[in-house]
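Participant: You'll find query01.tsv just under this line, and it carries TSV, C-alpha atoms.
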```tsv
chain	number	residue	atom	x	y	z
A	1	ASP	CA	-5.21	-18.79	13.99
A	2	ILE	CA	-4.97	-15.60	11.96
A	3	PRO	CA	-1.31	-14.69	12.62
A	4	ALA	CA	-0.04	-18.15	11.78
A	5	ALA	CA	-1.94	-18.12	8.49
A	6	THR	CA	-1.37	-14.55	7.31
A	7	GLN	CA	1.64	-12.88	8.97
A	8	LEU	CA	4.15	-14.11	6.42
A	9	PHE	CA	6.10	-11.31	4.80
A	10	THR	CA	4.96	-10.16	1.41
A	11	THR	CA	8.03	-10.81	-0.73
A	12	ASP	CA	10.31	-7.81	-1.00
A	13	TRP	CA	9.99	-7.33	-4.77
A	14	VAL	CA	6.17	-7.28	-4.52
A	15	VAL	CA	6.34	-4.61	-1.80
A	16	ARG	CA	8.72	-2.53	-3.92
A	17	TYR	CA	6.62	-3.02	-7.06
A	18	MET	CA	3.46	-1.80	-5.32
A	19	VAL	CA	5.04	1.20	-3.59
A	20	ASP	CA	7.17	2.26	-6.58
A	21	ASN	CA	4.13	2.28	-8.86
A	22	SER	CA	1.83	4.12	-6.44
A	23	LEU	CA	3.74	6.47	-4.13
A	24	GLY	CA	6.72	6.67	-6.49
A	25	LYS	CA	4.60	7.32	-9.54
A	26	LYS	CA	2.60	10.03	-7.76
A	27	TYR	CA	5.80	11.92	-6.98
A	28	LEU	CA	7.05	11.65	-10.56
A	29	GLU	CA	3.77	13.08	-11.84
A	30	HIS	CA	4.90	16.33	-10.19
A	31	TYR	CA	8.67	15.96	-10.69
A	32	PRO	CA	9.20	13.83	-13.83
A	33	ASP	CA	12.92	14.59	-14.07
A	34	SER	CA	13.71	13.94	-10.41
A	35	PRO	CA	16.66	11.64	-9.58
A	36	VAL	CA	14.16	9.76	-7.38
A	37	LYS	CA	13.09	7.96	-10.55
A	38	GLY	CA	16.43	6.17	-10.79
A	39	LYS	CA	15.96	4.73	-7.29
A	40	LEU	CA	12.57	3.14	-8.04
A	41	LYS	CA	13.82	-0.23	-9.30
A	42	TYR	CA	10.38	-1.70	-10.01
A	43	LEU	CA	8.75	1.35	-11.64
A	44	LEU	CA	6.90	0.22	-14.75
A	45	PRO	CA	8.08	1.79	-18.03
A	46	GLY	CA	5.80	4.16	-19.86
A	47	ASP	CA	4.69	7.75	-19.90
A	48	ILE	CA	3.63	9.40	-16.66
A	49	THR	CA	0.86	12.00	-16.91
A	50	PRO	CA	2.14	15.33	-15.51
A	51	ASP	CA	0.26	16.86	-12.60
A	52	GLN	CA	0.54	20.66	-12.39
A	53	SER	CA	-1.28	21.02	-9.07
A	54	ASP	CA	0.47	22.26	-5.93
A	55	PHE	CA	2.57	19.61	-4.20
A	56	ASP	CA	3.55	19.43	-0.53
A	57	ILE	CA	5.48	16.30	0.46
A	58	THR	CA	4.33	16.67	4.09
A	59	ARG	CA	0.70	16.26	3.00
A	60	ILE	CA	1.09	13.00	1.05
A	61	GLN	CA	-0.67	10.34	3.11
A	62	VAL	CA	0.12	6.65	2.59
A	63	MET	CA	-2.17	3.98	4.08
A	64	ASP	CA	-1.69	0.23	4.53
A	65	ASN	CA	-5.03	-0.91	5.93
A	66	ALA	CA	-3.83	-4.46	6.67
A	67	MET	CA	-0.23	-3.71	7.57
A	68	GLY	CA	0.84	-6.96	9.23
A	69	SER	CA	4.32	-6.41	10.62
A	70	GLY	CA	4.90	-3.24	8.62
A	71	HIS	CA	6.88	-4.42	5.60
A	72	ILE	CA	5.13	-2.04	3.19
A	73	LEU	CA	5.23	0.94	5.55
A	74	ALA	CA	8.94	0.41	6.23
A	75	TYR	CA	9.76	0.51	2.51
A	76	ALA	CA	7.42	3.49	2.00
A	77	PHE	CA	9.45	5.26	4.71
A	78	ASP	CA	12.63	4.74	2.66
A	79	VAL	CA	10.99	5.98	-0.55
A	80	LEU	CA	9.60	9.03	1.23
A	81	MET	CA	13.05	9.76	2.64
A	82	THR	CA	14.49	9.98	-0.89
A	83	MET	CA	11.65	12.33	-1.83
A	84	TYR	CA	12.18	14.58	1.19
A	85	GLU	CA	15.90	14.77	0.42
A	86	ASP	CA	15.01	15.66	-3.18
A	87	GLN	CA	12.91	18.50	-1.73
A	88	GLY	CA	15.87	19.77	0.30
A	89	TYR	CA	14.91	18.54	3.77
A	90	ALA	CA	17.50	17.46	6.35
A	91	LYS	CA	17.25	13.76	7.19
A	92	ARG	CA	16.31	14.30	10.85
A	93	GLU	CA	13.49	16.68	9.97
A	94	ALA	CA	12.34	14.40	7.16
A	95	ALA	CA	12.22	11.28	9.35
A	96	ASN	CA	10.06	12.98	11.98
A	97	SER	CA	7.70	14.38	9.34
A	98	ILE	CA	7.32	10.97	7.68
A	99	ILE	CA	6.29	9.33	10.96
A	100	GLN	CA	3.95	12.13	12.00
A	101	ASN	CA	2.45	13.15	8.64
A	102	ASN	CA	2.87	10.57	5.88
A	103	LEU	CA	2.42	6.98	7.06
A	104	PHE	CA	-0.81	5.38	8.33
A	105	GLY	CA	-1.65	1.77	9.13
A	106	LEU	CA	-4.30	-0.57	10.55
A	107	GLU	CA	-4.02	-4.13	11.83
A	108	ILE	CA	-6.20	-6.70	13.65
A	109	ASP	CA	-3.37	-8.65	15.34
A	110	ARG	CA	-1.68	-6.92	18.29
A	111	ARG	CA	1.62	-8.78	17.94
A	112	ALA	CA	1.93	-7.78	14.31
A	113	PHE	CA	0.99	-4.20	15.22
A	114	GLN	CA	3.77	-4.15	17.82
A	115	LEU	CA	6.29	-5.27	15.18
A	116	SER	CA	5.11	-2.48	12.84
A	117	TYR	CA	5.43	0.06	15.64
A	118	PHE	CA	8.93	-1.15	16.48
A	119	SER	CA	9.99	-1.14	12.83
A	120	LEU	CA	8.84	2.44	12.21
A	121	MET	CA	10.35	3.75	15.44
A	122	MET	CA	13.69	2.15	14.57
A	123	LYS	CA	13.53	3.82	11.15
A	124	LEU	CA	13.03	7.15	12.92
A	125	ARG	CA	15.73	6.41	15.52
A	126	ARG	CA	18.24	5.85	12.72
A	127	TYR	CA	17.96	9.53	11.77
A	128	ASP	CA	17.05	11.08	15.14
A	129	ARG	CA	18.86	9.75	18.21
A	130	GLN	CA	16.47	11.55	20.57
A	131	ALA	CA	13.33	10.13	18.97
A	132	LEU	CA	12.62	7.62	21.75
A	133	ASN	CA	12.87	10.33	24.41
A	134	ARG	CA	10.03	12.33	22.88
A	135	SER	CA	6.36	11.57	22.43
A	136	VAL	CA	6.51	10.88	18.69
A	137	MET	CA	3.76	8.39	17.83
A	138	PRO	CA	3.30	6.62	14.48
A	139	ASN	CA	-0.21	6.91	13.00
A	140	ILE	CA	-0.87	3.19	13.21
A	141	HIS	CA	-3.64	1.43	15.11
A	142	VAL	CA	-4.66	-2.05	16.18
A	143	PHE	CA	-8.36	-2.92	16.19
A	144	ILE	CA	-9.91	-3.66	19.55
A	145	ALA	CA	-13.41	-4.90	20.31
A	146	ALA	CA	-15.72	-2.29	21.80
A	147	PRO	CA	-16.37	-2.53	25.55
A	148	ALA	CA	-19.88	-2.78	26.92
A	149	VAL	CA	-21.38	0.72	26.95
A	150	THR	CA	-23.76	0.74	29.91
A	151	GLU	CA	-26.40	3.28	30.83
A	152	GLU	CA	-24.40	4.05	33.98
A	153	PHE	CA	-21.37	4.87	31.84
A	154	LEU	CA	-23.35	7.07	29.44
A	155	HIS	CA	-24.81	9.01	32.39
A	156	SER	CA	-21.25	9.77	33.54
A	157	LEU	CA	-20.54	11.67	30.31
A	158	LYS	CA	-21.19	15.37	29.99
A	159	ALA	CA	-22.34	15.50	26.38
A	160	SER	CA	-25.29	16.20	24.14
A	161	SER	CA	-27.73	13.45	23.21
A	162	GLU	CA	-26.33	13.54	19.64
A	163	VAL	CA	-22.79	12.81	20.87
A	164	ILE	CA	-24.07	10.07	23.20
A	165	ASP	CA	-25.86	8.46	20.23
A	166	GLU	CA	-22.65	8.56	18.18
A	167	ILE	CA	-20.64	6.92	20.98
A	168	GLN	CA	-23.21	4.10	21.12
A	169	ASP	CA	-23.16	3.80	17.34
A	170	ILE	CA	-19.38	3.61	17.00
A	171	ALA	CA	-19.27	1.02	19.79
A	172	ALA	CA	-21.82	-1.08	17.92
A	173	HIS	CA	-19.73	-0.92	14.75
A	174	PHE	CA	-16.64	-2.12	16.64
A	175	MET	CA	-18.21	-5.09	18.45
A	176	ASP	CA	-16.51	-7.54	16.05
A	177	ALA	CA	-13.59	-5.28	15.12
A	178	LYS	CA	-10.89	-7.88	15.83
A	179	THR	CA	-12.45	-10.12	13.16
A	180	LEU	CA	-13.65	-7.56	10.61
A	181	GLY	CA	-10.81	-5.02	10.82
A	182	SER	CA	-10.69	-2.41	8.09
A	183	ILE	CA	-13.69	-3.79	6.18
A	184	ILE	CA	-15.98	-2.20	8.80
A	185	GLU	CA	-18.11	0.42	7.06
A	186	LEU	CA	-18.43	3.61	9.08
A	187	PRO	CA	-20.49	6.77	8.60
A	188	ALA	CA	-18.32	9.63	7.33
A	189	ASN	CA	-19.91	12.30	9.50
A	190	TYR	CA	-19.03	11.36	13.09
A	191	ASP	CA	-18.32	14.27	15.44
A	192	TYR	CA	-14.94	12.94	16.56
A	193	ALA	CA	-14.05	16.10	18.49
A	194	GLY	CA	-17.34	15.99	20.37
A	195	MET	CA	-16.87	12.34	21.33
A	196	ARG	CA	-13.31	13.00	22.53
A	197	ASN	CA	-14.43	15.98	24.61
A	198	ALA	CA	-17.04	13.77	26.28
A	199	LEU	CA	-14.74	10.82	26.95
A	200	GLU	CA	-11.42	12.43	27.90
A	201	PRO	CA	-12.49	13.78	31.32
A	202	VAL	CA	-13.64	10.28	32.33
A	203	ALA	CA	-10.57	8.57	30.81
A	204	THR	CA	-8.15	10.84	32.68
A	205	ALA	CA	-10.02	11.09	35.98
A	206	GLN	CA	-7.77	10.73	39.03
A	207	LYS	CA	-10.31	8.61	40.88
A	208	ILE	CA	-10.85	5.28	39.18
A	209	SER	CA	-14.53	4.42	38.98
A	210	LEU	CA	-15.72	1.29	40.75
A	211	PHE	CA	-17.74	0.49	37.63
A	212	GLY	CA	-14.80	0.60	35.22
A	213	ASN	CA	-15.89	3.84	33.55
A	214	GLN	CA	-12.31	5.02	33.16
A	215	GLN	CA	-11.20	1.87	31.31
A	216	THR	CA	-14.28	1.98	29.08
A	217	ALA	CA	-13.58	5.60	28.15
A	218	GLN	CA	-9.93	4.82	27.39
A	219	GLN	CA	-10.91	1.94	25.10
A	220	LEU	CA	-13.49	4.07	23.31
A	221	LEU	CA	-10.89	6.81	22.73
A	222	GLU	CA	-8.63	4.19	21.14
A	223	ILE	CA	-11.52	3.07	18.92
A	224	ILE	CA	-12.26	6.67	17.93
A	225	ALA	CA	-8.64	7.19	16.86
A	226	THR	CA	-8.86	4.04	14.73
A	227	ALA	CA	-12.19	5.09	13.24
A	228	GLU	CA	-10.90	8.54	12.35
A	229	THR	CA	-7.96	6.95	10.54
A	230	MET	CA	-10.38	4.67	8.67
A	231	THR	CA	-12.61	7.50	7.46
A	232	GLN	CA	-9.89	9.81	6.09
A	233	ARG	CA	-9.07	9.93	2.39
A	234	TYR	CA	-5.55	8.96	1.30
A	235	ASP	CA	-3.34	9.82	-1.63
A	236	VAL	CA	-1.86	6.30	-1.74
A	237	VAL	CA	-3.28	3.02	-0.40
A	238	VAL	CA	-1.02	-0.03	-0.61
```
Would you write out, as C-alpha cells, the structure that this file holds?
Facilitator:
Amino acid sequence: DIPAATQLFTTDWVVRYMVDNSLGKKYLEHYPDSPVKGKLKYLLPGDITPDQSDFDITRIQVMDNAMGSGHILAYAFDVLMTMYEDQGYAKREAANSIIQNNLFGLEIDRRAFQLSYFSLMMKLRRYDRQALNRSVMPNIHVFIAAPAVTEEFLHSLKASSEVIDEIQDIAAHFMDAKTLGSIIELPANYDYAGMRNALEPVATAQKISLFGNQQTAQQLLEIIATAETMTQRYDVVV
C-alpha cells in the first residue's frame, strides 16, 4: 500500500524551495556574488554568512534519504550543473561528476527507485550521449530485506570471526529494511571493506552453490552498499 499512499510528487515549488535554500545557500556561502544566485528562484532573502574554507564542487554530497521517484535529486542535478558551469567545467564532464560524486538517494519501493534511476540517467544522457554505453552508476539504493544467513553460508566465507560477526549483525539490522528504510540505526564502525572481501568471492563464483550461497552473498553485498551510504555524512540532506 505504500506506493499508492506516498509516491505522489512533492510539488515543484516545494522541491525548489528546499534545494535552493540548502544546496544553493551552501554554494553562495563560498561565492556570494556568483550569477548562480539569480537562478535560485526560491532563495529566501537575507544575509548569507560567508564561508572561507576550501571548496571543491566535486566533494559536495547531496542526500535524499526517502527519494521516491527522484524529483528532488533531478532538480538538485540541475542546480549542481549551474554551479559546475560557474566553476568552469564543461557540461559533459560536469554531468558525469554529478552522477558519480554529488547525488545520493535511498528508497524502500523498487518501482520508485527504478523511476529515480531512469530520471538521473536521462539527465546524464542529455549531456553525454555515450553515458548508457559505460558503467556509470548513480549512488542510489533500494532497501531489500536481508536473506537468511545460515551456518553453512558463514562457513563458506574466508574471513575473520570479527568480519563474520559484522555480516550477521548487518543482516539482523536489515531484516525489516523494506518497512523501516532509512530510519534503521546502524553502528558507524563497520568494516565494509572486510565484509566485501569476504563476500565477493562467493558472489562471483562460477559454480552456483546448491545451497544458494551465491545469491545470499549478492544480496548481502547490495545491503552493504546501502548501509555504507546510510552511514556517511552529507553536506546537504533534502
Participant: At a cut-off of 8 Å around the point (-1.5, 0.3, 15.0) (file coordinates), what residues fall inside when counting all atoms listed in the file? I'd like the answer as a count of residues only.
Facilitator: 14
Participant: For atom CA of A:Leu186 and atom CA of A:Gln219, determine how far apart the two atoms are, in Å to one decimal place.
Facilitator: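 Those two atoms sit 17.8 Å apart.
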Participant: To test the calculation: enclose all listed atoms of stretch 43-48 of chain A in a box whose edges run along x, y and z, add 6 Å on each side, then state centre and edge lengths in Å to one decimal, as AutoDock Vina command-line options.
Facilitator:
```
--center_x 6.2 --center_y 4.8 --center_z -15.8 --size_x 17.1 --size_y 21.2 --size_z 20.3
```
Participant: Which one is closest to A:Gln232: A:Ser97, A:Thr10, A:Ser34, A:Asn189? Count only C-alpha atoms.
Facilitator: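 Result for the nearest residue to A:Gln232: A:Asn189.
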Participant: Residues at most 6 Å from stretch 28-33 of chain A, counting all atoms listed in the file, excluding those fewer than 6 positions away in the same chain, as JSON, numbers by chain?
Facilitator: {"A": [49, 50, 51]}
